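Asks: I have a structure I would like to understand better, so I am pasting it below and will then ask my questions one at a time.
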Amino acid sequence: MAKVLMTGNAAIGEAAIRAGCQCYFGYPITPQNELTEYMATHLSRRKGCSFIQAESEIAAINMVYGASLSGARTMTSSSSPGISLKQEGISYLAACELPAVIVNMSRGGPGLGSISAAQSDYFQATRGGGHGDYRTIVLAPSSVQELADFTHHAFELADKYLIPVIILGDGMLGQMMEPVEFKYEAPEELPIRSRALRGAKGRPSRIIKTFTSKPAELEEINWSLFRRYQQIKKQETTCDTFMTDDAKLIVVAFGIAARIAKGAIKTARSNGLKVGMLRPITLWPFPSEKVQELAKSVKQYLVFEMNMGQMVEDVQLALGGNGEVSFYGRPGGVIPTPSEVYKVISRLYYQKGLK
Amino acid sequence: MDKVYTRPKSLKKAVFHYCPGCGHSIVHRIICEVIDELNLQERVIGIPPPGCSVFAYHYFDVDMAESAHGRGAAVATGIKRAYPEAIVFTYQGDGDLAAIGTAETIHAANRGERITAIFINNAVYGMTGGQMAPTTLLEQKTTTTPYGRDVKLEGYPIKISEMLALTKGAVYIERTAANSPANIRKTKKAIRKAFQTQIDDLGFSLVEILSPCPTNWRMTPIEAWQWIDKVMTKEYPLGIIKDITGKQDAD
């Protein structure tokens, strides 16, 4: 298929439909409304599909929970304040091993914050977010093409590991237009998941729950979840590197910040500074092994995030002291320019005596 | 010899954990009778709430899933939209349906979701130890209204069924009680009608059941049955609150 020009939000919608998403439930919030509107236009009248503009984010995520119980591929989307409301449902999805895709086109916080792009939901996304011991797979795209590709991948991962998958974008990615190619056609029919609730026909009745009066039973559920999380860590951790081979300083950035950092790194290279980049694509699981591998030859790290410093903790944990970590962040929805980030890079480069 | 009474096929052979005199076990049983009579065991998906009836899935021999507190109507909506062939019911208490889940309930009703809510009104939070519910009566003593529910401080008992009846998507709402053989029979008839409403694809249906909670009411089971008649039904009159199932304008 030829490339088309689309906003990031619309591209997620199209990619979701092509991934076989049957049910979408959402609630209006800026800056992700184009996605809800896209689903209202393109999913709501499709055969076997359903779209609801829910009364709240809480209702929307619980509708997702219901649709997932019945075996449907299902999705919701929101932005930071709305994602906070969804945490209750995400915890239940994780507990009951139900696949779902949750899109967070995040914005500045805390509180009502701003509607401008930010990355301040990193902790919330990568630490589970809701109550209880659980994780979600977190994908961090940095272009409209990746929004489309990762949306498809998110549905596959969710079904493979029976886990909620979060696409952590931001308001800028959602709103900007770029050429995008959709690599998949919507499936005619998806196989029915084995634990789907569709009535006890020709089989014993089925219960989907975690609540128990026996703590030891719940402990075993937790162990079972964490065994799967170990498997995900081994098999699904992904990251991208840029000009790291001869680098003396590595910038670690994700999502739109990585896009900005790349521009800064290109300027640094043209000025003879040996700077590279590590871009985690899965924020959970975090590519710690890649960080450790880089640490064998590179000792200086600059973590750049559009927040007050969240992923920087994962970088420090991964390095375990085998490298020096600096941080540059702009919170609140402020979007730094590549030249601003270049200034930070070059100052650090000289301060650390790398030139 | 004619068999006049037997365990419903869709009721598991399990001993109820409910307190003596509690209404849940009666209501569970008659729901199962209705499921059998309408031949729905293979189509039903039930959503019990957190609360005393959280373990309902140990008794109903149908597909069931737990719900977050108050979210039953949203969960049921998701199931029904994803798999319309299912007959979906929620089983909810007064705190669940009329306090924390008010928004989900009203909007599911207003959209005319093809789901059935079985709403147990016992005027208290049971599982947590008898705190005030939105349905607690004026002057009723609970653990959080130790001096009795005071209208100036706690407001009025909420009549959620009457409120829901105002939504166009709700087509059948009836209030019954589980406190006498006659009322239990009426309750079963109402539950049957509510499920039939869903089978006929007419819209949202709900049966509110005034149900005894002798433990938290600090009464004997017999006193609890009598209290429903003498006190509760004065605030919550029994009968059909809304029935437009026979009308063309049923959504």
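Residue numbering restarts at 1 for every chain of the structure tokens, chains are lettered A, B, ... in their displayed order, and ligands are numbered from 1 as they appear.
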I need the contact residues of chain B against chain A, so if you could list those with any atom within 10 Å, counting only C-alpha atoms, and return them as a ChimeraX atom specification, that would help.
Replies: /B:10,40-47,50,54-55,57-58,60-88,101,103-108,111
Asks: Would you mind listing what lies within 8 Å of Pro287 in chain A as a PyMOL selection string, with only C-alpha atoms counted and same-chain residues fewer than 4 positions away left out?
Replies: chain A and resi 237-239+280+282-283+291
Asks: Next, dump the selected residues to file, keeping only all heavy atoms, as an mmCIF file, in the first residue's frame.
Replies:
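For reference, out-v4.cif as written:
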```
data_model
loop_
_atom_site.group_PDB
_atom_site.id
_atom_site.type_symbol
_atom_site.label_atom_id
_atom_site.label_comp_id
_atom_site.auth_asym_id
_atom_site.auth_seq_id
_atom_site.Cartn_x
_atom_site.Cartn_y
_atom_site.Cartn_z
ATOM 1 N N THR A 237 12.144 -7.433 24.829
ATOM 2 C CA THR A 237 12.830 -6.164 25.076
ATOM 3 C C THR A 237 13.426 -5.650 23.768
ATOM 4 O O THR A 237 14.165 -6.368 23.098
ATOM 5 C CB THR A 237 13.953 -6.374 26.114
ATOM 6 O OG1 THR A 237 13.379 -6.968 27.269
ATOM 7 C CG2 THR A 237 14.596 -5.045 26.486
ATOM 8 N N THR A 238 13.074 -4.434 23.402
ATOM 9 C CA THR A 238 13.618 -3.879 22.160
ATOM 10 C C THR A 238 14.082 -2.439 22.358
ATOM 11 O O THR A 238 13.541 -1.702 23.184
ATOM 12 C CB THR A 238 12.586 -3.897 21.009
ATOM 13 O OG1 THR A 238 11.357 -3.389 21.496
ATOM 14 C CG2 THR A 238 12.382 -5.266 20.442
ATOM 15 N N CYS A 239 15.090 -2.089 21.565
ATOM 16 C CA CYS A 239 15.594 -0.723 21.596
ATOM 17 C C CYS A 239 16.244 -0.433 20.258
ATOM 18 O O CYS A 239 16.416 -1.321 19.426
ATOM 19 C CB CYS A 239 16.591 -0.544 22.729
ATOM 20 S SG CYS A 239 18.037 -1.593 22.561
ATOM 21 N N PRO A 280 15.214 3.377 24.020
ATOM 22 C CA PRO A 280 14.385 2.240 24.411
ATOM 23 C C PRO A 280 13.060 2.284 23.649
ATOM 24 O O PRO A 280 12.419 3.337 23.599
ATOM 25 C CB PRO A 280 14.154 2.452 25.913
ATOM 26 C CG PRO A 280 15.248 3.387 26.341
ATOM 27 C CD PRO A 280 15.503 4.269 25.157
ATOM 28 N N THR A 282 10.798 -0.604 24.015
ATOM 29 C CA THR A 282 9.959 -1.086 25.124
ATOM 30 C C THR A 282 10.479 -0.375 26.380
ATOM 31 O O THR A 282 11.642 -0.503 26.735
ATOM 32 C CB THR A 282 10.080 -2.612 25.302
ATOM 33 O OG1 THR A 282 11.453 -2.976 25.376
ATOM 34 C CG2 THR A 282 9.420 -3.372 24.165
ATOM 35 N N LEU A 283 9.608 0.397 27.003
ATOM 36 C CA LEU A 283 9.999 1.075 28.256
ATOM 37 C C LEU A 283 9.889 0.095 29.413
ATOM 38 O O LEU A 283 10.651 0.151 30.360
ATOM 39 C CB LEU A 283 9.128 2.303 28.488
ATOM 40 C CG LEU A 283 9.177 3.363 27.369
ATOM 41 C CD1 LEU A 283 8.307 4.549 27.748
ATOM 42 C CD2 LEU A 283 10.601 3.795 27.078
ATOM 43 N N VAL A 291 22.071 -1.403 27.846
ATOM 44 C CA VAL A 291 22.790 -0.360 28.577
ATOM 45 C C VAL A 291 24.097 -0.945 29.125
ATOM 46 O O VAL A 291 25.168 -0.340 29.004
ATOM 47 C CB VAL A 291 21.927 0.211 29.725
ATOM 48 C CG1 VAL A 291 22.726 1.180 30.593
ATOM 49 C CG2 VAL A 291 20.682 0.898 29.175
#
```
Asks: Run DSSP on the backbone and give me the residues of range 193-223 of chain A it puts in alpha helix (DSSP H), as an MDAnalysis selection string.
Replies: chainID A and resid 215:223
Asks: CA of Gly20 in chain A and CA of Pro187 in chain A are how many Å apart?
Replies: 5.8 Å
Asks: Any idea what the distance is between CA of Gln145 in chain A and CA of Ala186 in chain A?
Replies: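 A separation of 17.3 Å between them.
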Asks: Which residues are close to range 338-343 of chain A, i.e. within 7 Å by only C-alpha atoms, leaving aside same-chain residues fewer than 5 positions away? Reply as JSON, numbers by chain.
Replies: {"A": [260, 261, 263, 264, 265, 267, 268]}
Asks: Which residues are close to Ile167 in chain A, i.e. within 12 Å by only C-alpha atoms, leaving aside same-chain residues fewer than 6 positions away? Reply as a PyMOL selection string.
Replies: chain A and resi 9+12+16+75-79+83+100-106+121-122+125-126+136-142+146-155+157-158+173-174+255+281-284
Asks: Mind giving me the straight-line distance from CA of Val334 in chain A to CA of Gln119 in chain A in Å, one decimal?
Replies: 10.3 Å
Asks: Considering only C-alpha atoms, return as a list in words whatever protein or nucleic-acid residues lie within 10 Å of Ser114 in chain A, sequence-local ones (same chain, fewer than 3 positions apart) excluded.
Replies: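 Answer for this query is Thr30, Pro31, Ser80, Ser106, Arg107, Gly108, Gly109, Pro110, Gly111, Ala117, Ala118, Gly332, Gly333 and Val334 of chain A.
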Asks: Just the strand (DSSP E or B) stuff from range 147-339 of chain A, please, per backbone DSSP, written as a ChimeraX atom specification.
Replies: /A:164-170,177-180,207-208,239-242,249-252,275-280,282-284,300-305,324-329
Asks: May I ask which of the residues A:Ala2, A:Lys352, A:Arg18, A:Glu305 is the closest one to Tyr184 in chain A, counting only C-alpha atoms?
Replies: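 Nearest to Tyr184 in chain A: A:Arg18.
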Asks: So that I can check the surroundings of Pro134 in chain B, please list as a VMD selection string every protein, DNA and RNA residue that reaches within 9 Å of it, counting only C-alpha atoms and ignoring chain neighbours fewer than 4 positions away.
Replies: chain B and resid 94 to 95 98 to 99 123 to 124 154 to 159
Asks: Write out the residues from the selection above, keeping N, CA, C and O atoms, as a CSV table (one decimal), in the first residue's frame.
Replies:
```csv
chain,number,residue,atom,x,y,z
B,94,ASP,N,-26.6,-2.4,46.7
B,94,ASP,CA,-27.0,-1.0,46.7
B,94,ASP,C,-25.8,0.0,46.7
B,94,ASP,O,-25.8,1.0,46.0
B,95,GLY,N,-24.8,-0.4,47.4
B,95,GLY,CA,-23.5,0.4,47.4
B,95,GLY,C,-22.9,0.4,46.0
B,95,GLY,O,-22.5,1.4,45.4
B,98,ALA,N,-25.8,1.9,43.3
B,98,ALA,CA,-26.5,3.2,43.6
B,98,ALA,C,-25.5,4.2,44.2
B,98,ALA,O,-25.9,5.3,44.4
B,99,ALA,N,-24.2,3.8,44.5
B,99,ALA,CA,-23.3,4.8,45.0
B,99,ALA,C,-22.1,4.8,44.0
B,99,ALA,O,-22.1,5.6,43.1
B,123,ALA,N,-30.2,-1.9,52.1
B,123,ALA,CA,-30.1,-0.7,52.9
B,123,ALA,C,-28.8,-0.6,53.7
B,123,ALA,O,-28.8,0.3,54.5
B,124,VAL,N,-27.9,-1.4,53.4
B,124,VAL,CA,-26.6,-1.3,54.1
B,124,VAL,C,-25.5,-1.9,53.2
B,124,VAL,O,-25.7,-2.6,52.2
B,154,GLU,N,-26.7,13.4,56.1
B,154,GLU,CA,-26.5,12.3,55.1
B,154,GLU,C,-27.4,12.2,53.9
B,154,GLU,O,-27.3,11.4,53.1
B,155,GLY,N,-28.4,13.2,53.9
B,155,GLY,CA,-29.3,13.2,52.8
B,155,GLY,C,-30.3,12.1,52.9
B,155,GLY,O,-30.5,11.4,53.9
B,156,TYR,N,-31.0,12.0,51.8
B,156,TYR,CA,-32.2,11.1,51.7
B,156,TYR,C,-31.8,9.7,51.1
B,156,TYR,O,-30.9,9.6,50.3
B,157,PRO,N,-32.6,8.7,51.5
B,157,PRO,CA,-32.4,7.4,50.8
B,157,PRO,C,-32.6,7.6,49.3
B,157,PRO,O,-33.6,8.3,48.9
B,158,ILE,N,-31.8,7.0,48.5
B,158,ILE,CA,-31.9,7.2,47.0
B,158,ILE,C,-32.8,6.2,46.4
B,158,ILE,O,-32.8,5.0,46.7
B,159,LYS,N,-33.7,6.7,45.5
B,159,LYS,CA,-34.6,5.8,44.8
B,159,LYS,C,-34.0,5.6,43.4
B,159,LYS,O,-34.5,6.3,42.4
```
Asks: Do you know which residues are at most 10 Å from range 177-181 of chain B counting only C-alpha atoms, after dropping those on the same chain fewer than 6 positions away, and could you put them as a PyMOL selection string?
Replies: chain B and resi 21-24+26-27+120-122+187-188+207-212+221-222+224-229+232-233+236-239
Asks: Can you write just those residues out, C-alpha atoms, as a compact mmCIF listing (two decimals), in the first residue's frame?
Replies:
```
# COMPACT_ATOMS: atom_id res chain seq x y z
CA GLY B 21 -31.75 -15.37 56.86
CA CYS B 22 -29.84 -13.55 54.09
CA GLY B 23 -31.72 -12.91 50.86
CA HIS B 24 -28.85 -13.66 48.48
CA ILE B 26 -32.95 -17.17 47.72
CA VAL B 27 -32.34 -14.76 44.87
CA ILE B 120 -30.14 -6.22 45.77
CA ASN B 121 -31.30 -3.44 48.09
CA ASN B 122 -30.67 -4.28 51.73
CA THR B 187 -39.53 -11.72 42.36
CA LYS B 188 -38.97 -14.78 40.21
CA VAL B 207 -35.19 -5.87 39.08
CA GLU B 208 -34.66 -4.21 42.45
CA ILE B 209 -35.09 -6.71 45.25
CA LEU B 210 -35.58 -5.60 48.86
CA SER B 211 -33.54 -8.23 50.60
CA PRO B 212 -33.09 -9.05 54.28
CA PRO B 221 -34.48 -13.49 60.19
CA ILE B 222 -38.19 -13.23 60.98
CA ALA B 224 -35.92 -8.82 59.13
CA TRP B 225 -38.70 -10.16 56.92
CA GLN B 226 -41.22 -8.14 58.92
CA TRP B 227 -39.05 -4.99 58.79
CA ILE B 228 -39.09 -5.12 54.99
CA ASP B 229 -42.91 -5.07 55.01
CA MET B 232 -38.65 -0.64 53.90
CA THR B 233 -41.60 -0.90 51.55
CA TYR B 236 -39.45 1.69 48.48
CA PRO B 237 -42.94 0.69 47.33
CA LEU B 238 -43.15 -2.65 45.54
CA GLY B 239 -44.42 -3.04 42.02
```
